[in-house]
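Dropping my_file-v1.txt in here (compact mmCIF, C-alpha atoms):
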# COMPACT_ATOMS: atom_id res chain seq x y z
CA MET A 24 -132.06 46.07 -17.92
CA ILE A 25 -131.94 47.55 -14.42
CA LEU A 26 -135.14 48.90 -12.86
CA VAL A 27 -134.46 51.92 -10.64
CA THR A 28 -137.41 52.82 -8.42
CA GLY A 29 -137.28 56.40 -7.18
CA GLY A 30 -134.82 57.33 -9.91
CA ALA A 31 -136.15 60.90 -10.11
CA GLY A 32 -135.03 61.56 -6.54
CA TYR A 33 -131.73 62.75 -5.12
CA ILE A 34 -129.70 59.56 -4.61
CA GLY A 35 -131.63 57.57 -7.22
CA SER A 36 -130.77 60.06 -9.97
CA PHE A 37 -127.06 59.79 -9.17
CA ALA A 38 -127.27 56.01 -9.32
CA VAL A 39 -128.92 56.32 -12.74
CA LEU A 40 -126.13 58.65 -13.88
CA LYS A 41 -123.49 56.19 -12.67
CA LEU A 42 -125.21 53.24 -14.37
CA SER A 43 -125.44 55.26 -17.59
CA MET A 44 -121.69 55.86 -17.47
CA GLN A 45 -121.26 52.07 -17.28
CA ASN A 46 -123.46 51.55 -20.38
CA GLU A 47 -126.19 49.81 -18.38
CA LYS A 48 -129.73 49.82 -19.74
CA ILE A 49 -132.09 51.54 -17.31
CA VAL A 50 -135.79 52.04 -16.72
CA ILE A 51 -136.80 54.54 -14.03
CA PHE A 52 -140.04 54.05 -12.10
CA ASP A 53 -141.16 57.02 -10.01
CA ASN A 54 -144.43 58.59 -8.91
CA LEU A 55 -142.82 62.08 -8.83
CA SER A 56 -144.24 62.78 -5.36
CA THR A 57 -140.81 63.91 -4.17
CA GLY A 58 -138.75 63.50 -7.35
CA HIS A 59 -138.79 65.93 -10.26
CA ILE A 60 -139.62 65.50 -13.94
CA GLU A 61 -136.85 68.05 -14.63
CA THR A 62 -134.37 65.53 -13.23
CA ILE A 63 -135.72 62.85 -15.56
CA ASN A 64 -135.41 65.23 -18.51
CA THR A 65 -131.80 66.02 -17.57
CA LEU A 66 -130.91 62.33 -17.29
CA LYS A 67 -132.53 61.61 -20.65
CA LYS A 68 -130.48 64.40 -22.25
CA ILE A 69 -127.34 62.74 -20.90
CA ASN A 70 -128.54 59.29 -21.98
CA PRO A 71 -131.50 59.27 -24.40
CA ASP A 72 -131.84 55.49 -24.01
CA ILE A 73 -133.08 55.82 -20.42
CA CYS A 74 -136.73 54.80 -20.13
CA PHE A 75 -139.08 56.48 -17.67
CA VAL A 76 -142.42 55.21 -16.40
CA GLN A 77 -144.52 57.22 -13.97
CA GLY A 78 -146.28 54.96 -11.52
CA ASP A 79 -146.74 54.06 -7.87
CA LEU A 80 -145.62 50.99 -5.96
CA ASN A 81 -148.93 51.02 -4.12
CA ASN A 82 -150.63 50.32 -7.43
CA ILE A 83 -149.86 46.67 -8.19
CA SER A 84 -150.78 46.96 -11.86
CA ASP A 85 -148.35 49.88 -12.28
CA ILE A 86 -145.40 47.82 -11.10
CA GLU A 87 -146.43 44.59 -12.83
CA ASN A 88 -146.69 46.45 -16.14
CA ILE A 89 -143.00 47.32 -15.84
CA PHE A 90 -142.03 43.66 -15.62
CA LYS A 91 -144.36 42.77 -18.48
CA LYS A 92 -142.99 45.47 -20.79
CA TYR A 93 -139.26 45.37 -20.01
CA GLU A 94 -136.75 42.55 -19.56
CA ILE A 95 -135.63 43.45 -16.03
CA SER A 96 -132.54 41.67 -14.72
CA GLU A 97 -132.03 43.54 -11.41
CA VAL A 98 -133.73 46.20 -9.31
CA ILE A 99 -132.27 49.11 -7.34
CA HIS A 100 -134.93 50.26 -4.92
CA PHE A 101 -134.86 53.90 -3.75
CA ALA A 102 -138.59 54.69 -3.80
CA GLY A 103 -139.93 55.62 -0.37
CA LEU A 104 -140.44 58.39 2.14
CA SER A 105 -137.52 59.51 4.30
CA ILE A 106 -138.34 62.45 6.59
CA VAL A 107 -137.93 61.34 10.20
CA GLU A 108 -140.14 64.04 11.74
CA GLU A 109 -142.95 63.32 9.28
CA SER A 110 -142.74 59.60 10.02
CA ILE A 111 -143.29 60.33 13.72
CA LYS A 112 -146.33 62.51 13.00
CA ASN A 113 -147.80 60.24 10.32
CA PRO A 114 -146.53 56.66 10.69
CA SER A 115 -149.41 55.24 8.65
CA LYS A 116 -148.12 57.05 5.57
CA TYR A 117 -144.65 55.53 6.04
CA TYR A 118 -145.80 51.97 6.66
CA LYS A 119 -148.04 52.14 3.60
CA ASN A 120 -145.51 53.70 1.24
CA ASN A 121 -142.28 52.13 2.46
CA VAL A 122 -143.34 48.69 3.67
CA ALA A 123 -146.49 47.86 1.68
CA GLY A 124 -145.04 49.42 -1.48
CA THR A 125 -141.87 47.36 -1.17
CA VAL A 126 -143.84 44.15 -0.61
CA ASN A 127 -145.71 44.87 -3.85
CA LEU A 128 -142.38 45.30 -5.62
CA LEU A 129 -140.90 42.10 -4.17
CA ASN A 130 -144.00 40.12 -5.06
CA ALA A 131 -143.81 41.34 -8.65
CA MET A 132 -140.12 40.43 -8.76
CA VAL A 133 -140.84 36.89 -7.58
CA LYS A 134 -143.77 36.55 -10.00
CA TYR A 135 -141.60 37.57 -12.96
CA ASN A 136 -138.48 35.73 -11.74
CA VAL A 137 -136.32 38.83 -11.16
CA LEU A 138 -134.38 37.74 -8.08
CA LYS A 139 -131.72 40.41 -7.46
CA ILE A 140 -132.29 43.72 -5.67
CA VAL A 141 -130.15 46.49 -4.15
CA PHE A 142 -132.06 48.27 -1.39
CA SER A 143 -131.62 51.82 -0.14
CA SER A 144 -131.57 51.35 3.63
CA THR A 145 -130.36 53.72 6.34
CA ALA A 146 -128.20 54.14 9.42
CA SER A 147 -131.49 54.87 11.21
CA VAL A 148 -131.97 51.11 11.63
CA TYR A 149 -129.35 51.23 14.41
CA GLY A 150 -131.03 53.82 16.63
CA GLU A 151 -128.98 55.18 19.54
CA PRO A 152 -125.38 54.00 19.01
CA GLU A 153 -123.93 51.68 21.60
CA TYR A 154 -120.46 52.17 20.09
CA THR A 155 -118.83 54.00 17.20
CA PRO A 156 -117.79 53.60 14.49
CA ILE A 157 -120.95 51.59 13.83
CA ASP A 158 -120.42 48.33 11.97
CA GLU A 159 -123.01 46.07 10.38
CA ASN A 160 -123.26 43.89 13.50
CA HIS A 161 -124.29 46.78 15.74
CA PRO A 162 -127.65 46.14 17.49
CA LYS A 163 -130.58 47.42 15.47
CA LYS A 164 -133.05 49.39 17.59
CA PRO A 165 -134.60 52.13 15.41
CA VAL A 166 -136.18 54.96 17.38
CA ASN A 167 -138.59 56.35 14.77
CA PRO A 168 -141.09 54.92 12.26
CA TYR A 169 -138.85 55.77 9.29
CA GLY A 170 -136.00 53.63 10.63
CA LYS A 171 -138.45 50.92 11.66
CA THR A 172 -139.87 50.68 8.11
CA LYS A 173 -136.39 50.19 6.69
CA LEU A 174 -135.55 47.46 9.21
CA ILE A 175 -138.88 45.71 8.58
CA ILE A 176 -138.08 45.71 4.86
CA GLU A 177 -134.65 44.22 5.50
CA ASN A 178 -136.27 41.45 7.56
CA ILE A 179 -138.83 40.82 4.83
CA MET A 180 -136.00 40.52 2.31
CA ASP A 181 -134.37 37.85 4.50
CA ASP A 182 -137.62 35.89 4.43
CA TYR A 183 -137.94 36.28 0.66
CA ASP A 184 -134.38 35.01 0.26
CA LYS A 185 -135.21 31.86 2.24
CA ALA A 186 -138.58 31.27 0.58
CA TYR A 187 -138.06 32.48 -3.00
CA ASN A 188 -134.26 32.74 -3.41
CA LEU A 189 -134.55 36.52 -3.90
CA LYS A 190 -131.07 37.92 -3.21
CA SER A 191 -130.63 41.42 -1.82
CA ILE A 192 -127.87 43.85 -0.98
CA ARG A 193 -128.90 46.38 1.66
CA LEU A 194 -126.87 49.58 1.73
CA ARG A 195 -127.16 51.50 5.00
CA TYR A 196 -126.33 55.15 4.33
CA PHE A 197 -125.13 57.71 6.79
CA ASN A 198 -125.38 61.45 5.89
CA VAL A 199 -125.40 62.00 2.11
CA ILE A 200 -124.10 65.30 0.69
CA GLY A 201 -123.00 66.97 -2.52
CA ALA A 202 -124.13 67.37 -6.12
CA ASP A 203 -122.92 66.71 -9.64
CA ASN A 204 -119.72 68.66 -10.37
CA LEU A 205 -121.35 69.99 -13.57
CA SER A 206 -124.49 71.06 -11.67
CA ARG A 207 -126.70 68.85 -13.78
CA ILE A 208 -128.40 67.11 -10.86
CA GLY A 209 -128.33 67.56 -7.10
CA GLU A 210 -130.30 67.62 -3.86
CA TRP A 211 -133.74 69.08 -4.52
CA HIS A 212 -136.35 68.61 -1.80
CA ASP A 213 -139.46 70.74 -1.52
CA THR A 214 -139.14 70.30 2.25
CA GLU A 215 -135.41 70.32 2.95
CA THR A 216 -134.28 68.69 6.20
CA HIS A 217 -130.57 68.18 5.55
CA LEU A 218 -127.87 70.31 7.14
CA ILE A 219 -125.67 71.52 4.27
CA PRO A 220 -128.39 72.58 1.80
CA ASN A 221 -130.20 74.37 4.64
CA ILE A 222 -127.05 76.28 5.58
CA ILE A 223 -126.59 77.26 1.93
CA LYS A 224 -130.27 78.26 1.58
CA SER A 225 -129.95 80.48 4.65
CA ALA A 226 -127.34 82.53 2.76
CA TYR A 227 -130.05 83.38 0.22
CA ILE A 228 -133.01 83.68 2.59
CA LYS A 229 -131.88 86.16 5.24
CA THR A 230 -135.08 86.42 7.25
CA SER A 231 -133.71 84.71 10.36
CA PRO A 232 -130.43 83.24 11.66
CA PHE A 233 -129.56 79.64 10.88
CA LYS A 234 -130.48 77.34 13.77
CA ILE A 235 -127.97 74.92 15.28
CA PHE A 236 -129.90 72.46 17.42
CA GLY A 237 -128.02 72.02 20.69
CA ASP A 238 -124.47 72.89 21.70
CA ASP A 239 -124.11 70.87 24.90
CA TYR A 240 -123.66 67.36 23.51
CA ALA A 241 -120.75 65.25 24.77
CA THR A 242 -118.57 66.22 21.79
CA PRO A 243 -115.51 68.51 21.50
CA ASP A 244 -117.52 71.58 20.43
CA GLY A 245 -120.87 70.57 21.92
CA THR A 246 -122.66 69.96 18.60
CA CYS A 247 -123.69 66.67 17.00
CA ILE A 248 -121.11 64.71 15.03
CA ARG A 249 -122.15 62.94 11.84
CA ASP A 250 -120.51 60.95 9.05
CA TYR A 251 -120.93 62.76 5.71
CA ILE A 252 -120.65 60.79 2.45
CA ASN A 253 -120.59 62.22 -1.06
CA VAL A 254 -123.54 61.24 -3.24
CA CYS A 255 -121.29 60.30 -6.19
CA ASP A 256 -119.33 57.92 -3.95
CA LEU A 257 -122.66 56.50 -2.82
CA ALA A 258 -123.73 55.97 -6.44
CA ASP A 259 -120.48 54.06 -7.05
CA ALA A 260 -121.43 51.69 -4.22
CA HIS A 261 -124.75 50.86 -5.89
CA TYR A 262 -123.04 49.88 -9.13
CA LEU A 263 -120.54 47.77 -7.20
CA ALA A 264 -123.45 46.13 -5.36
CA ILE A 265 -125.09 45.21 -8.68
CA LYS A 266 -121.79 43.71 -9.88
CA TYR A 267 -121.49 41.77 -6.62
CA LEU A 268 -125.00 40.35 -6.95
CA ARG A 269 -124.31 39.29 -10.52
CA LYS A 270 -121.10 37.55 -9.54
CA GLU A 271 -121.88 36.12 -6.09
CA ASN A 272 -125.70 35.92 -6.08
CA LYS A 273 -125.59 36.40 -2.33
CA THR A 274 -127.59 38.44 0.18
CA ASP A 275 -125.54 40.87 2.30
CA VAL A 276 -125.57 44.26 4.03
CA PHE A 277 -123.05 47.12 3.97
CA ASN A 278 -122.65 50.41 5.81
CA LEU A 279 -121.70 53.40 3.67
CA GLY A 280 -119.89 56.25 5.35
CA THR A 281 -116.41 57.72 5.53
CA GLY A 282 -115.53 56.52 9.02
CA THR A 283 -114.80 60.13 9.98
CA GLY A 284 -117.16 62.30 11.98
CA THR A 285 -117.63 66.05 11.52
CA SER A 286 -119.57 68.28 13.92
CA VAL A 287 -122.42 70.60 12.97
CA LYS A 288 -120.31 73.65 13.85
CA GLU A 289 -117.43 72.35 11.72
CA ILE A 290 -119.81 71.82 8.77
CA PHE A 291 -121.27 75.28 9.32
CA ASN A 292 -117.84 76.92 9.30
CA LEU A 293 -116.68 74.92 6.27
CA THR A 294 -119.81 75.95 4.39
CA ARG A 295 -119.38 79.62 5.30
CA GLY A 296 -115.80 79.39 4.04
CA VAL A 297 -116.81 77.84 0.71
CA LEU A 298 -119.54 80.44 0.19
CA GLY A 299 -117.34 83.31 1.38
CA LYS A 300 -120.31 84.70 3.29
CA ASP A 301 -120.95 85.47 6.93
CA ILE A 302 -124.10 83.50 7.79
CA PRO A 303 -125.68 84.46 11.15
CA PHE A 304 -126.64 81.57 13.42
CA GLU A 305 -128.28 80.93 16.75
CA ILE A 306 -128.36 77.97 19.11
CA ALA A 307 -131.77 76.30 19.36
CA PRO A 308 -132.90 73.55 21.77
CA LYS A 309 -131.84 69.97 21.08
CA ARG A 310 -134.11 67.89 18.90
CA LYS A 311 -135.54 64.75 20.46
CA GLY A 312 -133.76 61.59 19.36
CA ASP A 313 -130.61 63.20 17.98
CA PRO A 314 -127.63 61.03 19.10
CA ALA A 315 -124.42 62.91 19.93
CA ILE A 316 -122.28 60.89 17.51
CA LEU A 317 -123.11 58.76 14.45
CA CYS A 318 -120.11 57.48 12.57
CA ALA A 319 -119.87 54.49 10.22
CA SER A 320 -117.42 51.70 9.77
CA SER A 321 -117.42 51.03 6.02
CA LYS A 322 -114.52 48.57 6.20
CA LYS A 323 -116.74 45.72 4.99
CA ALA A 324 -117.88 47.61 1.87
CA GLN A 325 -114.31 48.54 1.06
CA GLU A 326 -113.01 44.99 1.49
CA ILE A 327 -115.85 43.04 -0.16
CA LEU A 328 -117.26 45.46 -2.74
CA GLY A 329 -113.98 47.24 -3.44
CA TRP A 330 -115.67 50.55 -2.64
CA LYS A 331 -113.57 53.72 -2.30
CA ILE A 332 -114.20 57.22 -0.97
CA ASN A 333 -113.12 59.73 -3.61
CA HIS A 334 -114.63 63.05 -2.54
CA SER A 335 -113.90 65.31 0.43
CA ILE A 336 -116.47 67.21 2.47
CA LYS A 337 -115.17 70.51 1.09
CA GLU A 338 -115.62 69.28 -2.50
CA SER A 339 -119.13 68.13 -1.63
CA ILE A 340 -120.06 71.49 -0.10
CA LYS A 341 -118.75 73.32 -3.18
CA THR A 342 -120.84 71.22 -5.58
CA ALA A 343 -123.88 71.57 -3.31
CA TYR A 344 -123.43 75.36 -3.35
CA LEU A 345 -123.12 75.55 -7.14
CA TRP A 346 -126.25 73.39 -7.47
CA GLU A 347 -128.24 75.50 -5.00
CA ASP A 348 -127.08 78.64 -6.80
CA LYS A 349 -128.52 77.19 -10.01
CA LEU A 350 -131.85 76.44 -8.30
CA GLN A 351 -132.01 79.96 -6.84
CA LYS A 352 -131.42 81.51 -10.26
CA LEU A 353 -134.17 79.34 -11.76
CA LYS A 354 -136.57 80.76 -9.16
CA THR A 355 -135.92 84.30 -10.41
CA ILE A 356 -136.58 83.47 -14.08
Could I get this file's structure written as structure tokens?
Amino acid sequence: MILVTGGAGYIGSFAVLKLSMQNEKIVIFDNLSTGHIETINTLKKINPDICFVQGDLNNISDIENIFKKYEISEVIHFAGLSIVEESIKNPSKYYKNNVAGTVNLLNAMVKYNVLKIVFSSTASVYGEPEYTPIDENHPKKPVNPYGKTKLIIENIMDDYDKAYNLKSIRLRYFNVIGADNLSRIGEWHDTETHLIPNIIKSAYIKTSPFKIFGDDYATPDGTCIRDYINVCDLADAHYLAIKYLRKENKTDVFNLGTGTGTSVKEIFNLTRGVLGKDIPFEIAPKRKGDPAILCASSKKAQEILGWKINHSIKESIKTAYLWEDKLQKLKTI
């Protein structure tokens, strides 16, 4: 049985859906601080055999009870906080939840002899890019507490491998987008910080123009360039990582992106085209710490894990729009 921490969240729920399609047995562990019980209910309708336990990684008894009750073979670890701006304002919250919570999880794994984990890491561990596309050997100099917590966890996992033979696959994501093509699950944050859902939301909430932060970067159209990866493709990578751990029993790290960068203005125009709506926008000042270009090399994941990119940005925007439309309609009921 696979333990999925944070399985009620955005990416975690898609991993659960993918694992369900592969007939894996799953138990979700989530404190529902940012995830949604409605997502759990949807997943259980799709696969009634999914188990759900509400608990917190900062409560050691909560996590140990999981290992006592269920025969866990591997862990996929999504649980954690991920808003960069919040991490800068309140680093204590991030070190407690992300780092201390993960140490509690790893200690429970060692105690109950569960020695395989796939970890949800981030491109933020790299900081300001020294070259692009960014490969796994790029220097790691995170510029905010969120990225620092993820890098600390990766370093801890290296130590746990040496000391306790706990093997880990760390997946460093770039910009994740899209929703389920049947609008069953999707991106659902009470405080939304991601570009595409915020563009879509601005089509519904017409109180002010959409803000594009900076248009004088050293890029062709002056706006930031990012690497956007579909959430279903990302979920595929987690299943492949589990298969790799089972077969190779080896610690490793992989970047997950498309290798192709798209600017904020290009995303904005693509989204307007998908929605068929004219969304007003204005240029706002640059945000501190936003690199001009972040683009991944995912060659290693493709060669070693056999990972493939199956969804285009336009497809991802369309599914994100249909999902947001569903959420907006639920608000009016």
Give me the residues near A:Asn46 as a list in words, where near means some atom within 12 Å (using all atoms listed in the file) and where sequence neighbours in that chain fewer than 4 positions away do not count.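 Final neighbour list, sorted by chain and number: Met24, Ile25, Val39, Leu40, Lys41, Leu42, Ile69, Asn70, Pro71, Asp72, Ile73 and Tyr262 of chain A.
The gap separating atom CA of A:Ser320 from atom CA of A:Asp158 is 5.0 Å, in Å to one decimal.
Checking A:Asp259, A:Glu326, A:Glu271, A:Glu210 one by one against A:Leu345, counting all atoms listed in the file, you find the shortest gap at A:Glu210.
Nearest to A:Gly58 of all the residues A:Ile222, A:Ile208, A:Val126, A:Ile200 is A:Ile208, based on only C-alpha atoms.
If only C-alpha atoms are the atoms counted, then among A:Ile228, A:Ile223, A:Leu257, A:Ala123 the closest residue to A:Tyr196 is A:Leu257.
With all atoms listed in the file as the atoms that count, the residue of A:Thr62, A:Ser36, A:Gly29, A:Asp348 with the shortest distance to A:Leu104 is A:Gly29.
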Residue nearest A:Gly201 among A:His334, A:Lys354, A:His100, A:Lys48 (counting all atoms listed in the file): A:His334
A:Asn88 environment, 10 Å, only C-alpha atoms, sequence neighbours closer than 5 positions dropped, as a ChimeraX atom specification: /A:76,78,83,93,131
Could you save those same residues with C-alpha atoms as a short mmCIF file (atom, residue, chain, number, x, y, z; two decimals), in the frame of the given file?
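Done, and the output landed in selection06.cif:
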data_model
loop_
_atom_site.label_atom_id
_atom_site.label_comp_id
_atom_site.auth_asym_id
_atom_site.auth_seq_id
_atom_site.Cartn_x
_atom_site.Cartn_y
_atom_site.Cartn_z
CA VAL A 76 -142.42 55.21 -16.40
CA GLY A 78 -146.28 54.96 -11.52
CA ILE A 83 -149.86 46.67 -8.19
CA TYR A 93 -139.26 45.37 -20.01
CA ALA A 131 -143.81 41.34 -8.65
#
Determine, using all atoms listed in the file, which residues of stretch 237-272 of chain A have any atom at most 12 Å from an atom of stretch 136-151 of chain A, and tabulate each with its shortest atom pair and distance in Å to one decimal place, rows ordered by chain and then rising number, as CSV.
residue,atom,partner,partner_atom,distance
A:Arg249,CA,A:Ala146,CA,10.9
A:Asp250,CA,A:Ala146,CA,10.3
A:Tyr251,CA,A:Ala146,CA,11.9
A:Leu257,CA,A:Ser143,CA,10.5
A:Ala258,CA,A:Ser143,CA,10.9
A:Ala260,CA,A:Val141,CA,10.2
A:His261,CA,A:Val141,CA,7.2
A:Tyr262,CA,A:Val141,CA,9.3
A:Leu263,CA,A:Val141,CA,10.2
A:Ala264,CA,A:Val141,CA,6.8
A:Ile265,CA,A:Val141,CA,6.9
A:Lys266,CA,A:Val141,CA,10.5
A:Tyr267,CA,A:Val141,CA,10.2
A:Leu268,CA,A:Lys139,CA,6.7
A:Arg269,CA,A:Lys139,CA,8.1
A:Lys270,CA,A:Lys139,CA,11.2
A:Glu271,CA,A:Lys139,CA,10.8
A:Asn272,CA,A:Lys139,CA,7.6
